[in-house]
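Colleague: My structure is below; once you've seen it, I'll send some questions.
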Amino acid sequence: MNNLFTRKTLDNGINLYTCSTDKFKTITICAFIHQNLEKDTATKTALLPFVLKRGSCGFPSSRLINRHLEELYGADFGGDIIKKGERQIIQFFIEMVNPRHAGAEDKILDEGLKLFKDVVLNPVTEGSGFREVYVEQEKDVLRRNIESLFNDKFNYAIERCFQEMCKDEPFSIYKYGSVSDLPEIDGENLYGYYKTVMSSSPMDIFVLGEVDEEQICEKFNRLFSFERQEKKISTSIVIKDVERERFVEEKQDVNQGKLSMGFRTGTRYGDEDFYALMVFNSILGGGPHSKLFQNVREKESLAYYAFSRLEKNKGLMLVSCGIDFNKLGKTIDIIKKQIKDIKEGRISDYEFESSRKSLINSYREAADSPPMIISLYLDGIINGVEESIEEIIAKIQRVTKEDVVRVAGKVTLDTVYFLNKK
């Protein structure tokens, strides 16, 4: 997809990004409301999209919302919380069939936009707050959602590693907040917080599909016309040097040890070396071709799974393995050896070429997914980068082994977290 989004600013300061293309038979609209990730507000922010989805003035219940979506040829609507670096972002989306393919002219688009606007801007209220029964029900759902992480040992070990690694940093805060904050939240104070968020938080709206860009801008200017005084949110990221390697062990009733190793890379999205870091990560643990898969899992049979992944908005890398409890020391040693080998240039042609091809194929697949296209462009906005998927692929193709060795030299182990049996 060669064309980038066209940016326009609505009269009240909301950024509107449109990309008109006939590649897809759908029109996808996403709204992102940006917040600094902060302990005092994380739980309230996390609760908002779920309360708002319960009903609006025009569609006061989930059942009425779903019925209207069915009338729009099965349009899909949702909301959630995403965490990118040290930002907590409220997301709403609606995906509907292109009216041209349904013979409905602009009716589907207009009705879809009406629902979208109504849920985001006109929530159901009673008295001076949200409908209390909706708030209490969604508080219970959020509590169970937060608590369920404990039972998902795979993701629990990853989250705990980042929490230990980034203690006293905003990144350590869980995207859904904390159960301990829920009792203090009610319909009235949550509604007051909602009005503050909507009137002052930076907001980006994306439209991807076959649309008239001038008309869609006029529609959003009309529908999203409300007073705002946008405040700036922090664009800086907490970056720390590793003073010493830390080991954290936690014991639970588990059948398999979960090893997570957190690294500071010194490189994040927007830095010149970022694409070399992507290739480094792929060589290390990005698939069946990787050193972790081949050496830790296959040759040594130390791990049931082994992979690495980047947190590109923060400049972190995580290695995750499921291992037998008595193989911790040997597994850590072999993982460290794989990284040392890359730093010293011991990268085979197969590992290097397979890593680049794997990354390029993943981006080509992303180019066929409207949500992925929008997510990638949102990453660019957050990090001050404007590039198409084709430009990203071209940069990956230009990465050399020497580039990988250079960027590997900046990667430093910060925290080893092990979930052990009692």
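Ordering of the structure tokens sets the chain letters (A, B, ...), residue numbers begin anew at 1 in every chain, and ligands are numbered from 1 in the order given.
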Taking a cut-off of 9 Å and counting only C-alpha atoms, can you build a table that, for each residue of stretch 284-394 of chain A near stretch 9-24 of chain A, reports the nearest atom pair and how far apart they are in Å (one decimal), sorted by chain then residue number, as JSON lines?

Modeller:
{"residue": "A:Asp368", "atom": "CA", "partner": "A:Phe24", "partner_atom": "CA", "distance": 8.3}
{"residue": "A:Ser369", "atom": "CA", "partner": "A:Phe24", "partner_atom": "CA", "distance": 8.9}
{"residue": "A:Pro370", "atom": "CA", "partner": "A:Phe24", "partner_atom": "CA", "distance": 8.1}

Colleague: How would the residues just chosen look if you wrote them out with C-alpha atoms as a PDB file, in the first residue's frame?

Modeller:
ATOM      1  CA  ASP A 368      -3.658  -6.716   3.727  1.00  0.00           C
ATOM      2  CA  SER A 369      -5.118  -5.920   7.160  1.00  0.00           C
ATOM      3  CA  PRO A 370      -6.730  -2.495   7.772  1.00  0.00           C
TER       4      PRO A 370
END

Colleague: Residues of stretch 275-361 of chain A classed as strand (DSSP E or B) by DSSP on the backbone are to be reported as a list of chain:residue names.

Modeller: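 Result set for stretch 275-361 of chain A (strand (DSSP E or B)): A:Ala303, A:Tyr304, A:Tyr305, A:Ala306, A:Phe307, A:Ser308, A:Arg309, A:Leu310, A:Glu311, A:Leu316, A:Met317, A:Leu318, A:Val319, A:Ser320, A:Cys321, A:Gly322, A:Ile323.
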
Colleague: Record the distance separating atom CA of A:Glu184 and atom CA of A:Ser201, expressed in Å with one decimal.

Modeller: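 So the answer is 22.7 Å.
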
Colleague: Which polymer residues have any atom within 9 Å of an atom of stretch 80-88 of chain A, counting only C-alpha atoms, with same-chain residues fewer than 6 positions away left out, as a PyMOL selection string?

Modeller: chain A and resi 33-38+42+45-50+169-176+233-238+311-315+379+382

Colleague: Enter the distance from atom CA of A:Phe307 to atom CA of A:Lys422, in Å, rounded to one decimal.

Modeller: 25.3 Å

Colleague: If you count only C-alpha atoms, which residues fall within 12 Å of A:Arg144, apart from same-chain ones fewer than 4 positions away, as a PyMOL selection string?

Modeller: chain A and resi 137-140+148-151+176+178-179+182

Colleague: Take the residues just selected and output them with N, CA, C and O atoms as a PDB file, in the first residue's frame.

Modeller:
ATOM      1  N   GLN A 137     -21.293  -3.306  36.833  1.00  0.00           N
ATOM      2  CA  GLN A 137     -21.111  -4.548  36.066  1.00  0.00           C
ATOM      3  C   GLN A 137     -19.770  -4.558  35.351  1.00  0.00           C
ATOM      4  O   GLN A 137     -19.065  -5.579  35.342  1.00  0.00           O
ATOM      5  N   GLU A 138     -19.380  -3.421  34.778  1.00  0.00           N
ATOM      6  CA  GLU A 138     -18.111  -3.376  34.055  1.00  0.00           C
ATOM      7  C   GLU A 138     -16.914  -3.352  35.003  1.00  0.00           C
ATOM      8  O   GLU A 138     -15.841  -3.831  34.655  1.00  0.00           O
ATOM      9  N   LYS A 139     -17.099  -2.817  36.201  1.00  0.00           N
ATOM     10  CA  LYS A 139     -16.048  -2.916  37.216  1.00  0.00           C
ATOM     11  C   LYS A 139     -15.789  -4.384  37.557  1.00  0.00           C
ATOM     12  O   LYS A 139     -14.632  -4.810  37.702  1.00  0.00           O
ATOM     13  N   ASP A 140     -16.853  -5.151  37.656  1.00  0.00           N
ATOM     14  CA  ASP A 140     -16.697  -6.572  37.964  1.00  0.00           C
ATOM     15  C   ASP A 140     -16.010  -7.312  36.825  1.00  0.00           C
ATOM     16  O   ASP A 140     -15.140  -8.168  37.054  1.00  0.00           O
ATOM     17  N   SER A 148      -7.540 -12.499  35.929  1.00  0.00           N
ATOM     18  CA  SER A 148      -7.320 -13.658  35.046  1.00  0.00           C
ATOM     19  C   SER A 148      -5.878 -13.749  34.575  1.00  0.00           C
ATOM     20  O   SER A 148      -5.414 -14.819  34.161  1.00  0.00           O
ATOM     21  N   LEU A 149      -5.151 -12.624  34.603  1.00  0.00           N
ATOM     22  CA  LEU A 149      -3.741 -12.652  34.206  1.00  0.00           C
ATOM     23  C   LEU A 149      -2.960 -13.621  35.079  1.00  0.00           C
ATOM     24  O   LEU A 149      -2.041 -14.294  34.597  1.00  0.00           O
ATOM     25  N   PHE A 150      -3.332 -13.708  36.356  1.00  0.00           N
ATOM     26  CA  PHE A 150      -2.638 -14.606  37.283  1.00  0.00           C
ATOM     27  C   PHE A 150      -2.735 -16.063  36.822  1.00  0.00           C
ATOM     28  O   PHE A 150      -1.801 -16.850  37.019  1.00  0.00           O
ATOM     29  N   ASN A 151      -3.847 -16.425  36.220  1.00  0.00           N
ATOM     30  CA  ASN A 151      -4.037 -17.810  35.771  1.00  0.00           C
ATOM     31  C   ASN A 151      -3.433 -18.075  34.397  1.00  0.00           C
ATOM     32  O   ASN A 151      -3.301 -19.231  33.994  1.00  0.00           O
ATOM     33  N   TYR A 176      -4.599  -2.462  32.137  1.00  0.00           N
ATOM     34  CA  TYR A 176      -5.954  -2.431  32.677  1.00  0.00           C
ATOM     35  C   TYR A 176      -6.011  -1.915  34.107  1.00  0.00           C
ATOM     36  O   TYR A 176      -7.049  -1.990  34.753  1.00  0.00           O
ATOM     37  N   SER A 178      -5.430  -1.522  38.188  1.00  0.00           N
ATOM     38  CA  SER A 178      -5.284  -2.336  39.395  1.00  0.00           C
ATOM     39  C   SER A 178      -6.640  -2.583  40.044  1.00  0.00           C
ATOM     40  O   SER A 178      -7.491  -1.683  40.101  1.00  0.00           O
ATOM     41  N   VAL A 179      -6.833  -3.790  40.569  1.00  0.00           N
ATOM     42  CA  VAL A 179      -8.076  -4.142  41.265  1.00  0.00           C
ATOM     43  C   VAL A 179      -8.279  -3.240  42.480  1.00  0.00           C
ATOM     44  O   VAL A 179      -9.422  -2.874  42.816  1.00  0.00           O
ATOM     45  N   LEU A 182     -10.550  -0.121  42.065  1.00  0.00           N
ATOM     46  CA  LEU A 182     -11.946  -0.234  41.627  1.00  0.00           C
ATOM     47  C   LEU A 182     -12.973   0.214  42.668  1.00  0.00           C
ATOM     48  O   LEU A 182     -13.967   0.852  42.296  1.00  0.00           O
TER      49      LEU A 182
END

Colleague: Between A:Arg67, A:Ser62, A:Phe263, A:Gly409, which is the closest to A:Cys166 once you count only C-alpha atoms?

Modeller: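 Looking at the shortest contact to A:Cys166, the residue is A:Phe263.
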
Colleague: Measuring atom to atom with only C-alpha atoms, identify which of A:Ile335, A:Val197, A:Leu121, A:Ile374 is nearest to A:Glu300.

Modeller: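 The answer is A:Ile335, which sits nearest to A:Glu300.
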
Colleague: As number ranges by chain, please: the residues near A:Leu359 (cut-off 10 Å, only C-alpha atoms, same-chain neighbours under 5 positions excluded).

Modeller: A: 275, 278-279, 282, 286, 354, 364-365, 392-393, 396-397

Colleague: When distances are computed from only C-alpha atoms, which of A:Val211, A:Ile389, A:Val254, A:Val119 shows the smallest separation from A:Ser61?

Modeller: A:Val119

Colleague: Just how far from atom CA of A:Ala306 is atom CA of A:Phe293, in Å to one decimal?

Modeller: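 That distance, rounded to one decimal, is 5.9 Å.
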
Colleague: DSSP on the backbone, then: every residue of stretch 157-347 of chain A marked helix (DSSP H, G or I), written as a ChimeraX atom specification.

Modeller: /A:157-165,170-172,179-184,187-200,213-223,274-285,291-299,325-343

Colleague: Residues within 9 Å of A:Asp186, please, as number ranges by chain. Count only C-alpha atoms; anything in the same chain fewer than 2 positions from it doesn't count.

Modeller: A: 129-130, 132, 135-136, 182-184, 188-191

Colleague: Write a file of the just-selected residues containing all heavy atoms, as an mmCIF file, in the first residue's frame.

Modeller:
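Ended up saving to out.cif:
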data_model
loop_
_atom_site.group_PDB
_atom_site.id
_atom_site.type_symbol
_atom_site.label_atom_id
_atom_site.label_comp_id
_atom_site.auth_asym_id
_atom_site.auth_seq_id
_atom_site.Cartn_x
_atom_site.Cartn_y
_atom_site.Cartn_z
ATOM 1 N N GLY A 129 -24.058 11.253 36.568
ATOM 2 C CA GLY A 129 -23.000 10.306 36.226
ATOM 3 C C GLY A 129 -23.453 9.258 35.241
ATOM 4 O O GLY A 129 -24.570 9.306 34.704
ATOM 5 N N PHE A 130 -22.568 8.306 34.957
ATOM 6 C CA PHE A 130 -22.930 7.161 34.127
ATOM 7 C C PHE A 130 -24.013 6.342 34.829
ATOM 8 O O PHE A 130 -24.171 6.413 36.058
ATOM 9 C CB PHE A 130 -21.705 6.255 33.904
ATOM 10 C CG PHE A 130 -20.691 6.809 32.938
ATOM 11 C CD1 PHE A 130 -19.384 7.045 33.356
ATOM 12 C CD2 PHE A 130 -21.018 7.068 31.618
ATOM 13 C CE1 PHE A 130 -18.432 7.537 32.484
ATOM 14 C CE2 PHE A 130 -20.075 7.560 30.731
ATOM 15 C CZ PHE A 130 -18.783 7.797 31.156
ATOM 16 N N GLU A 132 -25.368 3.729 36.856
ATOM 17 C CA GLU A 132 -24.603 3.048 37.896
ATOM 18 C C GLU A 132 -24.532 1.545 37.689
ATOM 19 O O GLU A 132 -23.483 0.923 37.936
ATOM 20 C CB GLU A 132 -25.198 3.350 39.273
ATOM 21 C CG GLU A 132 -24.242 3.117 40.427
ATOM 22 C CD GLU A 132 -23.053 4.066 40.421
ATOM 23 O OE1 GLU A 132 -23.243 5.288 40.228
ATOM 24 O OE2 GLU A 132 -21.918 3.582 40.597
ATOM 25 N N VAL A 135 -21.779 0.730 35.288
ATOM 26 C CA VAL A 135 -20.450 0.923 35.883
ATOM 27 C C VAL A 135 -20.102 -0.241 36.800
ATOM 28 O O VAL A 135 -18.989 -0.790 36.734
ATOM 29 C CB VAL A 135 -20.382 2.258 36.647
ATOM 30 C CG1 VAL A 135 -19.050 2.388 37.394
ATOM 31 C CG2 VAL A 135 -20.557 3.436 35.693
ATOM 32 N N GLU A 136 -21.020 -0.646 37.653
ATOM 33 C CA GLU A 136 -20.741 -1.738 38.593
ATOM 34 C C GLU A 136 -20.507 -3.049 37.862
ATOM 35 O O GLU A 136 -19.614 -3.833 38.235
ATOM 36 C CB GLU A 136 -21.887 -1.868 39.601
ATOM 37 C CG GLU A 136 -21.974 -0.725 40.597
ATOM 38 C CD GLU A 136 -20.675 -0.513 41.366
ATOM 39 O OE1 GLU A 136 -20.080 -1.512 41.832
ATOM 40 O OE2 GLU A 136 -20.244 0.659 41.483
ATOM 41 N N LEU A 182 -10.550 -0.121 42.065
ATOM 42 C CA LEU A 182 -11.946 -0.234 41.627
ATOM 43 C C LEU A 182 -12.973 0.214 42.668
ATOM 44 O O LEU A 182 -13.967 0.852 42.296
ATOM 45 C CB LEU A 182 -12.230 -1.672 41.184
ATOM 46 C CG LEU A 182 -11.584 -2.083 39.857
ATOM 47 C CD1 LEU A 182 -11.750 -3.577 39.608
ATOM 48 C CD2 LEU A 182 -12.190 -1.293 38.692
ATOM 49 N N PRO A 183 -12.807 -0.091 43.966
ATOM 50 C CA PRO A 183 -13.844 0.300 44.929
ATOM 51 C C PRO A 183 -14.133 1.799 44.968
ATOM 52 O O PRO A 183 -15.255 2.211 45.291
ATOM 53 C CB PRO A 183 -13.282 -0.190 46.276
ATOM 54 C CG PRO A 183 -12.365 -1.310 45.910
ATOM 55 C CD PRO A 183 -11.753 -0.905 44.615
ATOM 56 N N GLU A 184 -13.150 2.631 44.646
ATOM 57 C CA GLU A 184 -13.327 4.076 44.732
ATOM 58 C C GLU A 184 -14.053 4.659 43.511
ATOM 59 O O GLU A 184 -14.417 5.839 43.514
ATOM 60 C CB GLU A 184 -11.960 4.770 44.870
ATOM 61 C CG GLU A 184 -11.150 4.316 46.073
ATOM 62 C CD GLU A 184 -11.861 4.598 47.377
ATOM 63 O OE1 GLU A 184 -12.458 5.684 47.493
ATOM 64 O OE2 GLU A 184 -11.840 3.724 48.266
ATOM 65 N N GLU A 188 -20.568 8.599 39.102
ATOM 66 C CA GLU A 188 -20.398 10.050 39.080
ATOM 67 C C GLU A 188 -18.953 10.464 38.855
ATOM 68 O O GLU A 188 -18.662 11.289 37.975
ATOM 69 C CB GLU A 188 -20.916 10.649 40.391
ATOM 70 C CG GLU A 188 -20.931 12.165 40.384
ATOM 71 C CD GLU A 188 -21.621 12.757 41.597
ATOM 72 O OE1 GLU A 188 -22.352 12.013 42.291
ATOM 73 O OE2 GLU A 188 -21.429 13.968 41.860
ATOM 74 N N ASN A 189 -18.007 9.895 39.639
ATOM 75 C CA ASN A 189 -16.618 10.339 39.449
ATOM 76 C C ASN A 189 -16.030 9.819 38.142
ATOM 77 O O ASN A 189 -15.157 10.448 37.551
ATOM 78 C CB ASN A 189 -15.728 10.009 40.661
ATOM 79 C CG ASN A 189 -15.629 8.527 40.965
ATOM 80 O OD1 ASN A 189 -15.593 7.684 40.065
ATOM 81 N ND2 ASN A 189 -15.571 8.187 42.254
ATOM 82 N N LEU A 190 -16.507 8.681 37.658
ATOM 83 C CA LEU A 190 -16.030 8.180 36.369
ATOM 84 C C LEU A 190 -16.521 9.073 35.225
ATOM 85 O O LEU A 190 -15.781 9.338 34.276
ATOM 86 C CB LEU A 190 -16.480 6.741 36.148
ATOM 87 C CG LEU A 190 -15.924 6.064 34.884
ATOM 88 C CD1 LEU A 190 -14.411 5.931 34.954
ATOM 89 C CD2 LEU A 190 -16.554 4.683 34.672
ATOM 90 N N TYR A 191 -17.763 9.563 35.342
ATOM 91 C CA TYR A 191 -18.304 10.447 34.306
ATOM 92 C C TYR A 191 -17.560 11.778 34.288
ATOM 93 O O TYR A 191 -17.255 12.325 33.223
ATOM 94 C CB TYR A 191 -19.792 10.685 34.545
ATOM 95 C CG TYR A 191 -20.451 11.510 33.452
ATOM 96 C CD1 TYR A 191 -20.500 11.052 32.135
ATOM 97 C CD2 TYR A 191 -21.019 12.752 33.749
ATOM 98 C CE1 TYR A 191 -21.106 11.806 31.138
ATOM 99 C CE2 TYR A 191 -21.624 13.518 32.753
ATOM 100 C CZ TYR A 191 -21.659 13.044 31.453
ATOM 101 O OH TYR A 191 -22.250 13.785 30.460
#
